[in-house]
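Shown next: structure30.tsv, given as TSV, C-alpha atoms.
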chain	number	residue	atom	x	y	z
A	1247	ASN	CA	-13.53	33.06	19.62
A	1248	ALA	CA	-13.78	31.26	16.30
A	1249	GLY	CA	-14.94	27.68	16.45
A	1250	VAL	CA	-17.87	25.34	16.91
A	1251	THR	CA	-20.24	26.02	19.80
A	1252	GLN	CA	-22.52	23.33	21.16
A	1253	THR	CA	-25.30	23.81	23.68
A	1254	PRO	CA	-26.21	22.48	26.15
A	1255	LYS	CA	-23.12	20.75	27.56
A	1256	PHE	CA	-25.18	18.35	29.66
A	1257	GLN	CA	-28.78	17.20	29.43
A	1258	VAL	CA	-30.95	14.60	31.15
A	1259	LEU	CA	-34.13	13.56	29.37
A	1260	LYS	CA	-36.93	11.21	30.22
A	1261	THR	CA	-37.83	8.50	27.73
A	1262	GLY	CA	-40.18	9.90	25.13
A	1263	GLN	CA	-39.19	13.54	25.54
A	1264	SER	CA	-37.92	15.54	22.60
A	1265	MET	CA	-35.17	18.10	22.50
A	1266	THR	CA	-32.83	19.97	20.17
A	1267	LEU	CA	-29.05	20.01	20.45
A	1268	GLN	CA	-27.71	23.27	19.12
A	1269	CYS	CA	-24.59	23.70	17.00
A	1270	ALA	CA	-23.19	26.93	15.58
A	1271	GLN	CA	-19.94	27.72	13.78
A	1272	ASP	CA	-18.47	31.08	12.81
A	1273	MET	CA	-15.83	29.93	10.33
A	1274	ASN	CA	-18.07	30.01	7.27
A	1275	HIS	CA	-17.59	26.28	6.83
A	1276	GLU	CA	-19.87	24.68	4.26
A	1277	TYR	CA	-19.70	21.19	5.70
A	1278	MET	CA	-21.23	20.33	9.08
A	1279	SER	CA	-21.92	17.01	10.73
A	1280	TRP	CA	-23.13	15.34	13.91
A	1281	TYR	CA	-21.41	12.38	15.51
A	1282	ARG	CA	-22.13	10.35	18.59
A	1283	GLN	CA	-19.41	8.77	20.70
A	1284	ASP	CA	-20.08	5.55	22.54
A	1285	PRO	CA	-17.57	3.41	24.48
A	1286	GLY	CA	-15.70	1.00	22.22
A	1287	MET	CA	-17.38	2.32	19.08
A	1288	GLY	CA	-15.55	5.53	18.30
A	1289	LEU	CA	-17.41	8.33	16.58
A	1290	ARG	CA	-20.34	7.40	14.39
A	1291	LEU	CA	-21.88	9.78	11.88
A	1292	ILE	CA	-25.55	10.64	12.47
A	1293	HIS	CA	-26.34	13.30	9.86
A	1294	TYR	CA	-24.34	15.72	7.78
A	1295	SER	CA	-24.83	18.76	5.58
A	1296	VAL	CA	-22.77	20.02	2.64
A	1297	GLY	CA	-24.39	23.44	2.68
A	1298	ALA	CA	-27.48	25.41	3.64
A	1299	GLY	CA	-30.62	23.54	2.66
A	1300	ILE	CA	-28.78	20.26	1.99
A	1301	THR	CA	-28.68	17.42	4.51
A	1302	ASP	CA	-28.16	13.68	4.33
A	1303	GLN	CA	-28.08	10.66	6.58
A	1304	GLY	CA	-25.00	9.12	8.07
A	1305	GLU	CA	-24.41	5.73	9.62
A	1306	VAL	CA	-26.88	5.96	12.55
A	1307	PRO	CA	-29.67	8.42	11.62
A	1308	ASN	CA	-32.69	6.72	13.18
A	1309	GLY	CA	-34.40	8.79	15.87
A	1310	TYR	CA	-32.74	12.04	14.81
A	1311	ASN	CA	-33.69	14.90	12.49
A	1312	VAL	CA	-31.64	17.78	11.18
A	1313	SER	CA	-32.11	20.90	9.11
A	1314	ARG	CA	-29.71	23.52	7.79
A	1315	SER	CA	-31.38	26.85	7.15
A	1316	THR	CA	-28.19	28.90	7.50
A	1317	THR	CA	-24.48	28.25	6.96
A	1318	GLU	CA	-23.80	28.85	10.65
A	1319	ASP	CA	-26.34	26.58	12.37
A	1320	PHE	CA	-26.96	22.85	12.29
A	1321	PRO	CA	-29.35	21.72	15.05
A	1322	LEU	CA	-29.93	18.05	15.87
A	1323	ARG	CA	-33.43	17.08	17.00
A	1324	LEU	CA	-34.26	14.02	19.04
A	1325	LEU	CA	-37.86	13.20	18.25
A	1326	SER	CA	-38.69	10.81	21.10
A	1327	ALA	CA	-35.72	10.11	23.34
A	1328	ALA	CA	-34.78	6.51	24.11
A	1329	PRO	CA	-32.19	5.13	26.56
A	1330	SER	CA	-30.17	3.91	23.54
A	1331	GLN	CA	-29.57	7.57	22.67
A	1332	THR	CA	-27.59	8.11	25.85
A	1333	SER	CA	-24.25	9.23	24.44
A	1334	VAL	CA	-21.89	12.12	23.91
A	1335	TYR	CA	-22.77	14.12	20.83
A	1336	PHE	CA	-20.24	16.10	18.81
A	1337	CYS	CA	-20.88	18.63	16.09
A	1338	ALA	CA	-18.12	19.30	13.56
A	1339	SER	CA	-17.53	21.62	10.63
A	1340	SER	CA	-15.00	21.92	7.82
A	1341	TYR	CA	-14.32	23.36	4.40
A	1342	PRO	CA	-15.10	21.15	1.42
A	1343	ARG	CA	-12.59	18.40	0.89
A	1344	GLN	CA	-9.47	19.96	-0.63
A	1345	GLY	CA	-6.33	18.10	0.25
A	1346	SER	CA	-5.06	18.52	3.77
A	1347	TYR	CA	-7.95	19.41	6.03
A	1348	GLY	CA	-9.47	18.58	9.33
A	1349	TYR	CA	-12.78	18.92	11.04
A	1350	THR	CA	-13.23	21.41	13.84
A	1351	PHE	CA	-15.24	19.80	16.62
A	1352	GLY	CA	-17.35	21.34	19.32
A	1353	SER	CA	-16.78	20.39	22.95
A	1354	GLY	CA	-19.72	17.99	22.99
A	1355	THR	CA	-23.12	17.49	24.62
A	1356	ARG	CA	-23.41	14.69	27.15
A	1357	LEU	CA	-26.96	13.34	26.98
A	1358	THR	CA	-28.50	10.89	29.40
A	1359	VAL	CA	-31.93	9.39	28.72
A	1360	VAL	CA	-33.60	7.79	31.73
B	206	ASP	CA	-18.69	-4.04	9.92
B	207	GLN	CA	-16.05	-1.59	11.10
B	208	GLN	CA	-14.14	-0.17	8.16
B	209	VAL	CA	-11.54	1.47	10.38
B	210	LYS	CA	-10.13	-0.58	13.23
B	211	GLN	CA	-7.94	0.33	16.14
B	212	ASN	CA	-7.32	-3.00	17.77
B	213	SER	CA	-5.47	-1.74	20.83
B	214	PRO	CA	-7.89	-0.15	23.30
B	215	SER	CA	-5.03	1.25	25.35
B	216	LEU	CA	-1.28	1.79	25.35
B	217	SER	CA	1.05	2.74	28.18
B	218	VAL	CA	4.46	4.29	27.46
B	219	GLN	CA	7.24	5.78	29.55
B	220	GLU	CA	7.95	9.48	29.11
B	221	GLY	CA	10.68	10.08	26.52
B	222	ARG	CA	10.07	6.80	24.71
B	223	ILE	CA	8.28	6.24	21.42
B	224	SER	CA	4.51	5.73	21.26
B	225	ILE	CA	3.19	3.77	18.28
B	226	LEU	CA	-0.54	3.73	17.65
B	227	ASN	CA	-1.88	1.45	14.95
B	228	CYS	CA	-4.88	1.55	12.65
B	229	ASP	CA	-6.16	-0.85	9.99
B	230	TYR	CA	-8.78	-0.25	7.34
B	231	THR	CA	-10.74	-2.49	5.05
B	232	ASN	CA	-12.13	-0.16	2.38
B	233	SER	CA	-9.67	0.25	-0.49
B	234	MET	CA	-11.55	3.39	-1.61
B	235	PHE	CA	-10.17	5.35	1.35
B	236	ASP	CA	-7.60	7.83	0.09
B	237	TYR	CA	-7.12	10.20	2.99
B	238	PHE	CA	-6.31	9.37	6.58
B	239	LEU	CA	-6.29	11.51	9.69
B	240	TRP	CA	-5.45	11.25	13.37
B	241	TYR	CA	-7.40	13.09	16.04
B	242	LYS	CA	-6.54	13.56	19.68
B	243	LYS	CA	-9.17	13.86	22.40
B	244	TYR	CA	-8.90	14.93	26.01
B	245	PRO	CA	-11.70	14.19	28.51
B	246	ALA	CA	-14.67	16.58	28.31
B	247	GLU	CA	-13.33	18.15	25.12
B	248	GLY	CA	-14.00	17.62	21.43
B	249	PRO	CA	-11.46	15.81	19.23
B	250	THR	CA	-8.74	17.99	17.73
B	251	PHE	CA	-7.05	17.38	14.40
B	252	LEU	CA	-3.48	16.15	14.78
B	253	ILE	CA	-2.01	15.04	11.47
B	254	SER	CA	-3.11	13.62	8.13
B	255	ILE	CA	-1.74	11.72	5.15
B	256	SER	CA	-2.84	11.29	1.58
B	257	SER	CA	-2.76	7.86	-0.04
B	258	ILE	CA	-0.18	9.11	-2.54
B	259	LYS	CA	2.34	9.40	0.31
B	260	ASP	CA	3.75	6.85	2.70
B	261	LYS	CA	4.93	9.22	5.40
B	262	ASN	CA	4.03	12.61	6.82
B	263	GLU	CA	5.86	14.31	9.65
B	264	ASP	CA	4.92	17.20	11.90
B	265	GLY	CA	7.25	17.84	14.80
B	266	ARG	CA	7.12	14.91	17.21
B	267	PHE	CA	4.31	13.26	15.23
B	268	THR	CA	4.81	11.05	12.18
B	269	VAL	CA	2.17	9.06	10.35
B	270	PHE	CA	3.15	6.09	8.17
B	271	LEU	CA	0.87	4.56	5.57
B	272	ASN	CA	1.23	1.06	4.11
B	273	LYS	CA	-1.41	0.84	1.39
B	274	SER	CA	-0.74	-2.75	0.45
B	275	ALA	CA	-1.35	-3.81	4.05
B	276	LYS	CA	-4.16	-1.26	4.56
B	277	HIS	CA	-2.38	-0.14	7.68
B	278	LEU	CA	-1.31	3.16	9.14
B	279	SER	CA	0.49	4.08	12.30
B	280	LEU	CA	1.12	7.19	14.34
B	281	HIS	CA	4.53	7.60	15.97
B	282	ILE	CA	5.08	10.07	18.77
B	283	VAL	CA	8.72	10.72	19.64
B	284	PRO	CA	9.53	11.57	22.36
B	285	SER	CA	6.33	10.91	24.26
B	286	GLN	CA	5.32	13.46	26.87
B	287	PRO	CA	2.80	13.24	29.74
B	288	GLY	CA	0.66	15.85	27.94
B	289	ASP	CA	0.23	13.37	25.09
B	290	SER	CA	-1.97	11.22	27.34
B	291	ALA	CA	-5.33	11.23	25.56
B	292	VAL	CA	-7.57	9.16	23.31
B	293	TYR	CA	-6.33	8.94	19.72
B	294	PHE	CA	-8.77	8.33	16.90
B	295	CYS	CA	-7.83	7.19	13.44
B	296	ALA	CA	-10.16	8.36	10.65
B	297	ALA	CA	-10.43	7.81	6.91
B	298	SER	CA	-12.24	9.34	3.99
B	299	ALA	CA	-12.78	8.67	0.30
B	300	LEU	CA	-13.34	11.14	-2.51
B	301	GLU	CA	-16.44	9.20	-3.52
B	302	TYR	CA	-17.92	9.68	-0.05
B	303	GLY	CA	-17.44	13.42	-0.07
B	304	ASN	CA	-16.30	14.92	3.18
B	305	LYS	CA	-17.48	12.14	5.47
B	306	LEU	CA	-15.00	10.69	7.90
B	307	VAL	CA	-15.13	7.14	9.23
B	308	PHE	CA	-13.56	6.81	12.67
B	309	GLY	CA	-11.96	3.95	14.53
B	310	ALA	CA	-12.87	3.11	18.11
B	311	GLY	CA	-9.89	4.96	19.56
B	312	THR	CA	-6.80	4.08	21.58
B	313	ILE	CA	-6.18	5.47	25.06
B	314	LEU	CA	-2.54	6.52	25.39
B	315	ARG	CA	-1.03	6.93	28.84
B	316	VAL	CA	2.42	8.44	29.08
B	317	LYS	CA	3.99	7.79	32.47
B	318	SER	CA	6.46	10.24	33.95

Hey, can you dump this file as structure tokens for me?
Amino acid sequence: NAGVTQTPKFQVLKTGQSMTLQCAQDMNHEYMSWYRQDPGMGLRLIHYSVGAGITDQGEVPNGYNVSRSTTEDFPLRLLSAAPSQTSVYFCASSYPRQGSYGYTFGSGTRLTVV
Amino acid sequence: DQQVKQNSPSLSVQEGRISILNCDYTNSMFDYFLWYKKYPAEGPTFLISISSIKDKNEDGRFTVFLNKSAKHLSLHIVPSQPGDSAVYFCAASALEYGNKLVFGAGTILRVKS
């Protein structure tokens, strides 16, 4: 099934632990991004990539790292988890901006940091 | 400072009636606007979009209106159905910002049968 696949769906971490949230898409989209959703704050951009080997920071990048070695994969790494990183994380992909378009989102990873 | 604002956290509408969801933006560079729909435990799904060169775009029961002078857009759903109950996010982008989308906080729509 074509789309964006995120793993894991749920994760509980202890403060200070590190982990990687996986994201893969099979639509050959050049653009990929990570958002976090928090109550009352909508979706906030963490990092994004316009193609393999190219990444940049979004609105809330602190505490997260990304890399893009292939078109398909865009993992998000939490370096040292903090309770403030408890959130729902969404990965999204799209074609470059060309008129009418929309992101395709994954189903999300719910992360709890205790 | 939120550049995209959805000031109504929730909206309740009777089945068959019109649902109107509102969105305001502050950045005059935004030139493309989108609405996303999200069900619990799922990712957002693209619903409808509008370019700043238009003031209306229609797709079935969904119509988006854009008022550039007021920096305001709205999503109309007619007629509303119970399956429309979800969180609706307004989003905006600007050519200068590439493909990045800025999202509002969302509005929870409940359609009562």

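For the set B:Asn304, B:Thr231, B:Arg222, B:Ile313, the residue with the smallest atom-to-atom gap to B:Ser274 is B:Thr231, counting all atoms listed in the file.
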
How many Å lie between atom CA of A:Ala1270 and atom CA of A:Asp1319, rounded to one decimal? 4.5 Å

Taking only C-alpha atoms into account, what are the residues of chain A at most 6 Å from chain B, put as a VMD selection string? chain A and resid 1286 to 1289 1343 1348 1351 to 1354

Of the residues B:Leu216, B:Leu314, B:Cys228, B:Gly221, which is the one nearest to B:Ala291, using all atoms listed in the file?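 Of B:Leu216, B:Leu314, B:Cys228, B:Gly221, the one nearest B:Ala291, counting all atoms listed in the file, is B:Leu314.
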
Taking only C-alpha atoms into account, which of A:Gly1304, A:Pro1329, A:Pro1342, A:Gly1262 comes nearest A:Val1359?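 Going through A:Gly1304, A:Pro1329, A:Pro1342, A:Gly1262 one by one, the smallest distance to A:Val1359 is for A:Pro1329.
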
In Å to one decimal, how far is atom CA of B:Ser213 from atom CA of A:Pro1307?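 The value is 27.8 Å.
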
Between B:Ser233, B:Ser257, B:Thr268, B:Ser285, single out the one closest to B:Val218, counting all atoms listed in the file.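 Ranking B:Ser233, B:Ser257, B:Thr268, B:Ser285 by distance to B:Val218, first place goes to B:Ser285.
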
Would you kindly return, as a PyMOL selection string, each protein, DNA or RNA residue with an atom no farther than 9 Å from any atom of A:Gln1257, considering all atoms listed in the file and excluding same-chain residues fewer than 6 positions away? chain A and resi 1355-1359

Centre and edge lengths of an axis-aligned box around all listed atoms of stretch 1250-1253 of chain A, with 6 Å added on each side, are to be given in Å to one decimal, as JSON.
{"center_x": -21.6, "center_y": 24.7, "center_z": 20.3, "size_x": 19.4, "size_y": 14.7, "size_z": 18.8}

Surrounding residues of stretch 1247-1254 of chain A excluding itself and chain neighbours under 2 positions, 6 Å, only C-alpha atoms, as a ChimeraX atom specification: /A:1256,1268-1272,1352

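Atom CA of A:Ala1338 is positioned 17.1 Å from atom CA of A:Gly1299.
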
Near B:Asn232, within 9 Å and counting only C-alpha atoms, which residues show up once chain neighbours fewer than 2 positions away are dropped, as a PDB file with C-alpha atoms, in the frame of the given file?
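Result saved to result-v9.pdb:
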ATOM      1  CA  GLN B 208     -14.140  -0.170   8.160  1.00  0.00           C
ATOM      2  CA  VAL B 209     -11.540   1.470  10.380  1.00  0.00           C
ATOM      3  CA  TYR B 230      -8.780  -0.250   7.340  1.00  0.00           C
ATOM      4  CA  MET B 234     -11.550   3.390  -1.610  1.00  0.00           C
ATOM      5  CA  PHE B 235     -10.170   5.350   1.350  1.00  0.00           C
ATOM      6  CA  LYS B 276      -4.160  -1.260   4.560  1.00  0.00           C
TER       7      LYS B 276
END

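Using only C-alpha atoms, the nearest neighbour of B:Arg266 within the list B:Asp289, B:Leu278, B:Val316, B:Glu301 is B:Asp289.
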
Hey, can you pull every residue with an atom no more than 8 Å from (-30.8, 22.2, 14.6), using all atoms listed in the file, and send it as a PyMOL selection string? chain A and resi 1266-1269+1312-1314+1319-1323

Taking (-35.0, 6.0, 29.1) in the file's own coordinates, collect the residues within 8 Å, counting all atoms listed in the file, and hand them back as a list in words.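 In the file's frame, the residues around the point are Leu1259, Lys1260, Thr1261, Gly1262, Ala1327, Ala1328, Pro1329, Ser1330, Val1359 and Val1360 of chain A.
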
If we count all atoms listed in the file, what is near B:Ile282 at a cut-off of 6 Å, once residues fewer than 6 positions away on the same chain are taken out, given as a PDB file with C-alpha atoms, in the frame of the given file?
ATOM      1  CA  ILE B 223       8.280   6.240  21.420  1.00  0.00           C
ATOM      2  CA  SER B 224       4.510   5.730  21.260  1.00  0.00           C
ATOM      3  CA  ARG B 266       7.120  14.910  17.210  1.00  0.00           C
ATOM      4  CA  PHE B 267       4.310  13.260  15.230  1.00  0.00           C
TER       5      PHE B 267
END

If I only want stretch 211-250 of chain B, can you write it with N, CA and C atoms, as a PDB file, in the first residue's frame?
ATOM      1  N   GLN B 211      -6.780  29.456  14.554  1.00  0.00           N
ATOM      2  CA  GLN B 211      -8.136  28.939  14.521  1.00  0.00           C
ATOM      3  C   GLN B 211      -8.702  29.204  15.906  1.00  0.00           C
ATOM      4  N   ASN B 212      -9.504  30.227  16.018  1.00  0.00           N
ATOM      5  CA  ASN B 212      -9.904  30.732  17.323  1.00  0.00           C
ATOM      6  C   ASN B 212     -11.020  29.940  17.989  1.00  0.00           C
ATOM      7  N   SER B 213     -11.660  29.063  17.235  1.00  0.00           N
ATOM      8  CA  SER B 213     -12.719  28.243  17.829  1.00  0.00           C
ATOM      9  C   SER B 213     -12.178  26.849  18.087  1.00  0.00           C
ATOM     10  N   PRO B 214     -11.975  26.476  19.340  1.00  0.00           N
ATOM     11  CA  PRO B 214     -11.450  25.134  19.626  1.00  0.00           C
ATOM     12  C   PRO B 214     -12.413  24.029  19.233  1.00  0.00           C
ATOM     13  N   SER B 215     -13.721  24.343  19.265  1.00  0.00           N
ATOM     14  CA  SER B 215     -14.691  23.303  18.933  1.00  0.00           C
ATOM     15  C   SER B 215     -15.948  23.922  18.343  1.00  0.00           C
ATOM     16  N   LEU B 216     -16.685  23.073  17.617  1.00  0.00           N
ATOM     17  CA  LEU B 216     -17.927  23.492  16.963  1.00  0.00           C
ATOM     18  C   LEU B 216     -18.859  22.293  16.945  1.00  0.00           C
ATOM     19  N   SER B 217     -20.110  22.531  17.295  1.00  0.00           N
ATOM     20  CA  SER B 217     -21.108  21.464  17.291  1.00  0.00           C
ATOM     21  C   SER B 217     -22.238  21.843  16.344  1.00  0.00           C
ATOM     22  N   VAL B 218     -22.588  20.931  15.431  1.00  0.00           N
ATOM     23  CA  VAL B 218     -23.567  21.222  14.387  1.00  0.00           C
ATOM     24  C   VAL B 218     -24.529  20.043  14.253  1.00  0.00           C
ATOM     25  N   GLN B 219     -25.759  20.337  13.925  1.00  0.00           N
ATOM     26  CA  GLN B 219     -26.740  19.282  13.697  1.00  0.00           C
ATOM     27  C   GLN B 219     -26.538  18.692  12.301  1.00  0.00           C
ATOM     28  N   GLU B 220     -26.730  17.387  12.201  1.00  0.00           N
ATOM     29  CA  GLU B 220     -26.634  16.717  10.904  1.00  0.00           C
ATOM     30  C   GLU B 220     -27.535  17.394   9.879  1.00  0.00           C
ATOM     31  N   GLY B 221     -27.014  17.594   8.666  1.00  0.00           N
ATOM     32  CA  GLY B 221     -27.790  18.208   7.594  1.00  0.00           C
ATOM     33  C   GLY B 221     -27.619  19.715   7.502  1.00  0.00           C
ATOM     34  N   ARG B 222     -27.126  20.323   8.589  1.00  0.00           N
ATOM     35  CA  ARG B 222     -26.925  21.769   8.572  1.00  0.00           C
ATOM     36  C   ARG B 222     -25.533  22.105   8.063  1.00  0.00           C
ATOM     37  N   ILE B 223     -25.251  23.395   7.942  1.00  0.00           N
ATOM     38  CA  ILE B 223     -23.957  23.845   7.464  1.00  0.00           C
ATOM     39  C   ILE B 223     -22.966  23.953   8.618  1.00  0.00           C
ATOM     40  N   SER B 224     -21.737  23.506   8.377  1.00  0.00           N
ATOM     41  CA  SER B 224     -20.631  23.716   9.321  1.00  0.00           C
ATOM     42  C   SER B 224     -19.718  24.767   8.713  1.00  0.00           C
ATOM     43  N   ILE B 225     -19.347  25.755   9.506  1.00  0.00           N
ATOM     44  CA  ILE B 225     -18.422  26.799   9.047  1.00  0.00           C
ATOM     45  C   ILE B 225     -17.244  26.859  10.003  1.00  0.00           C
ATOM     46  N   LEU B 226     -16.078  26.539   9.484  1.00  0.00           N
ATOM     47  CA  LEU B 226     -14.853  26.586  10.283  1.00  0.00           C
ATOM     48  C   LEU B 226     -14.012  27.756   9.799  1.00  0.00           C
ATOM     49  N   ASN B 227     -13.503  28.516  10.725  1.00  0.00           N
ATOM     50  CA  ASN B 227     -12.792  29.748  10.397  1.00  0.00           C
ATOM     51  C   ASN B 227     -11.310  29.678  10.695  1.00  0.00           C
ATOM     52  N   CYS B 228     -10.564  30.496   9.951  1.00  0.00           N
ATOM     53  CA  CYS B 228      -9.106  30.522  10.097  1.00  0.00           C
ATOM     54  C   CYS B 228      -8.623  31.922   9.741  1.00  0.00           C
ATOM     55  N   ASP B 229      -7.744  32.469  10.547  1.00  0.00           N
ATOM     56  CA  ASP B 229      -7.138  33.772  10.283  1.00  0.00           C
ATOM     57  C   ASP B 229      -5.629  33.620  10.199  1.00  0.00           C
ATOM     58  N   TYR B 230      -5.003  34.451   9.380  1.00  0.00           N
ATOM     59  CA  TYR B 230      -3.552  34.408   9.284  1.00  0.00           C
ATOM     60  C   TYR B 230      -2.988  35.814   9.350  1.00  0.00           C
ATOM     61  N   THR B 231      -1.726  35.893   9.729  1.00  0.00           N
ATOM     62  CA  THR B 231      -1.117  37.208   9.920  1.00  0.00           C
ATOM     63  C   THR B 231      -0.044  37.523   8.882  1.00  0.00           C
ATOM     64  N   ASN B 232       0.525  36.500   8.272  1.00  0.00           N
ATOM     65  CA  ASN B 232       1.640  36.690   7.354  1.00  0.00           C
ATOM     66  C   ASN B 232       1.116  36.921   5.938  1.00  0.00           C
ATOM     67  N   SER B 233       1.322  38.113   5.410  1.00  0.00           N
ATOM     68  CA  SER B 233       0.815  38.450   4.081  1.00  0.00           C
ATOM     69  C   SER B 233       1.579  37.741   2.963  1.00  0.00           C
ATOM     70  N   MET B 234       2.677  37.062   3.310  1.00  0.00           N
ATOM     71  CA  MET B 234       3.422  36.306   2.301  1.00  0.00           C
ATOM     72  C   MET B 234       2.745  34.982   1.949  1.00  0.00           C
ATOM     73  N   PHE B 235       1.859  34.508   2.820  1.00  0.00           N
ATOM     74  CA  PHE B 235       1.171  33.246   2.534  1.00  0.00           C
ATOM     75  C   PHE B 235       0.381  33.375   1.241  1.00  0.00           C
ATOM     76  N   ASP B 236       0.539  32.390   0.360  1.00  0.00           N
ATOM     77  CA  ASP B 236      -0.171  32.444  -0.909  1.00  0.00           C
ATOM     78  C   ASP B 236      -0.867  31.140  -1.253  1.00  0.00           C
ATOM     79  N   TYR B 237      -0.857  30.203  -0.326  1.00  0.00           N
ATOM     80  CA  TYR B 237      -1.548  28.939  -0.561  1.00  0.00           C
ATOM     81  C   TYR B 237      -2.075  28.443   0.767  1.00  0.00           C
ATOM     82  N   PHE B 238      -3.326  28.007   0.747  1.00  0.00           N
ATOM     83  CA  PHE B 238      -3.988  27.628   1.999  1.00  0.00           C
ATOM     84  C   PHE B 238      -4.650  26.264   1.832  1.00  0.00           C
ATOM     85  N   LEU B 239      -4.581  25.478   2.892  1.00  0.00           N
ATOM     86  CA  LEU B 239      -5.086  24.115   2.828  1.00  0.00           C
ATOM     87  C   LEU B 239      -5.878  23.803   4.090  1.00  0.00           C
ATOM     88  N   TRP B 240      -6.794  22.865   3.953  1.00  0.00           N
ATOM     89  CA  TRP B 240      -7.506  22.304   5.104  1.00  0.00           C
ATOM     90  C   TRP B 240      -7.218  20.820   5.179  1.00  0.00           C
ATOM     91  N   TYR B 241      -6.946  20.366   6.409  1.00  0.00           N
ATOM     92  CA  TYR B 241      -6.715  18.960   6.680  1.00  0.00           C
ATOM     93  C   TYR B 241      -7.729  18.496   7.703  1.00  0.00           C
ATOM     94  N   LYS B 242      -8.073  17.223   7.588  1.00  0.00           N
ATOM     95  CA  LYS B 242      -9.029  16.597   8.488  1.00  0.00           C
ATOM     96  C   LYS B 242      -8.301  15.483   9.222  1.00  0.00           C
ATOM     97  N   LYS B 243      -8.569  15.357  10.527  1.00  0.00           N
ATOM     98  CA  LYS B 243      -7.880  14.334  11.302  1.00  0.00           C
ATOM     99  C   LYS B 243      -8.850  13.604  12.224  1.00  0.00           C
ATOM    100  N   TYR B 244      -8.841  12.277  12.080  1.00  0.00           N
ATOM    101  CA  TYR B 244      -9.579  11.417  13.000  1.00  0.00           C
ATOM    102  C   TYR B 244      -8.633  10.961  14.110  1.00  0.00           C
ATOM    103  N   PRO B 245      -9.174  10.578  15.267  1.00  0.00           N
ATOM    104  CA  PRO B 245      -8.329  10.081  16.360  1.00  0.00           C
ATOM    105  C   PRO B 245      -7.468   8.903  15.921  1.00  0.00           C
ATOM    106  N   ALA B 246      -6.230   8.887  16.374  1.00  0.00           N
ATOM    107  CA  ALA B 246      -5.281   7.803  16.118  1.00  0.00           C
ATOM    108  C   ALA B 246      -4.929   7.649  14.640  1.00  0.00           C
ATOM    109  N   GLU B 247      -5.203   8.672  13.847  1.00  0.00           N
ATOM    110  CA  GLU B 247      -4.801   8.650  12.440  1.00  0.00           C
ATOM    111  C   GLU B 247      -4.025   9.922  12.129  1.00  0.00           C
ATOM    112  N   GLY B 248      -3.296   9.908  10.991  1.00  0.00           N
ATOM    113  CA  GLY B 248      -2.640  11.118  10.551  1.00  0.00           C
ATOM    114  C   GLY B 248      -3.619  12.038   9.850  1.00  0.00           C
ATOM    115  N   PRO B 249      -3.299  13.326   9.758  1.00  0.00           N
ATOM    116  CA  PRO B 249      -4.161  14.260   9.020  1.00  0.00           C
ATOM    117  C   PRO B 249      -4.250  13.858   7.553  1.00  0.00           C
ATOM    118  N   THR B 250      -5.401  14.111   6.953  1.00  0.00           N
ATOM    119  CA  THR B 250      -5.572  13.861   5.518  1.00  0.00           C
ATOM    120  C   THR B 250      -5.978  15.160   4.831  1.00  0.00           C
TER     121      THR B 250
END
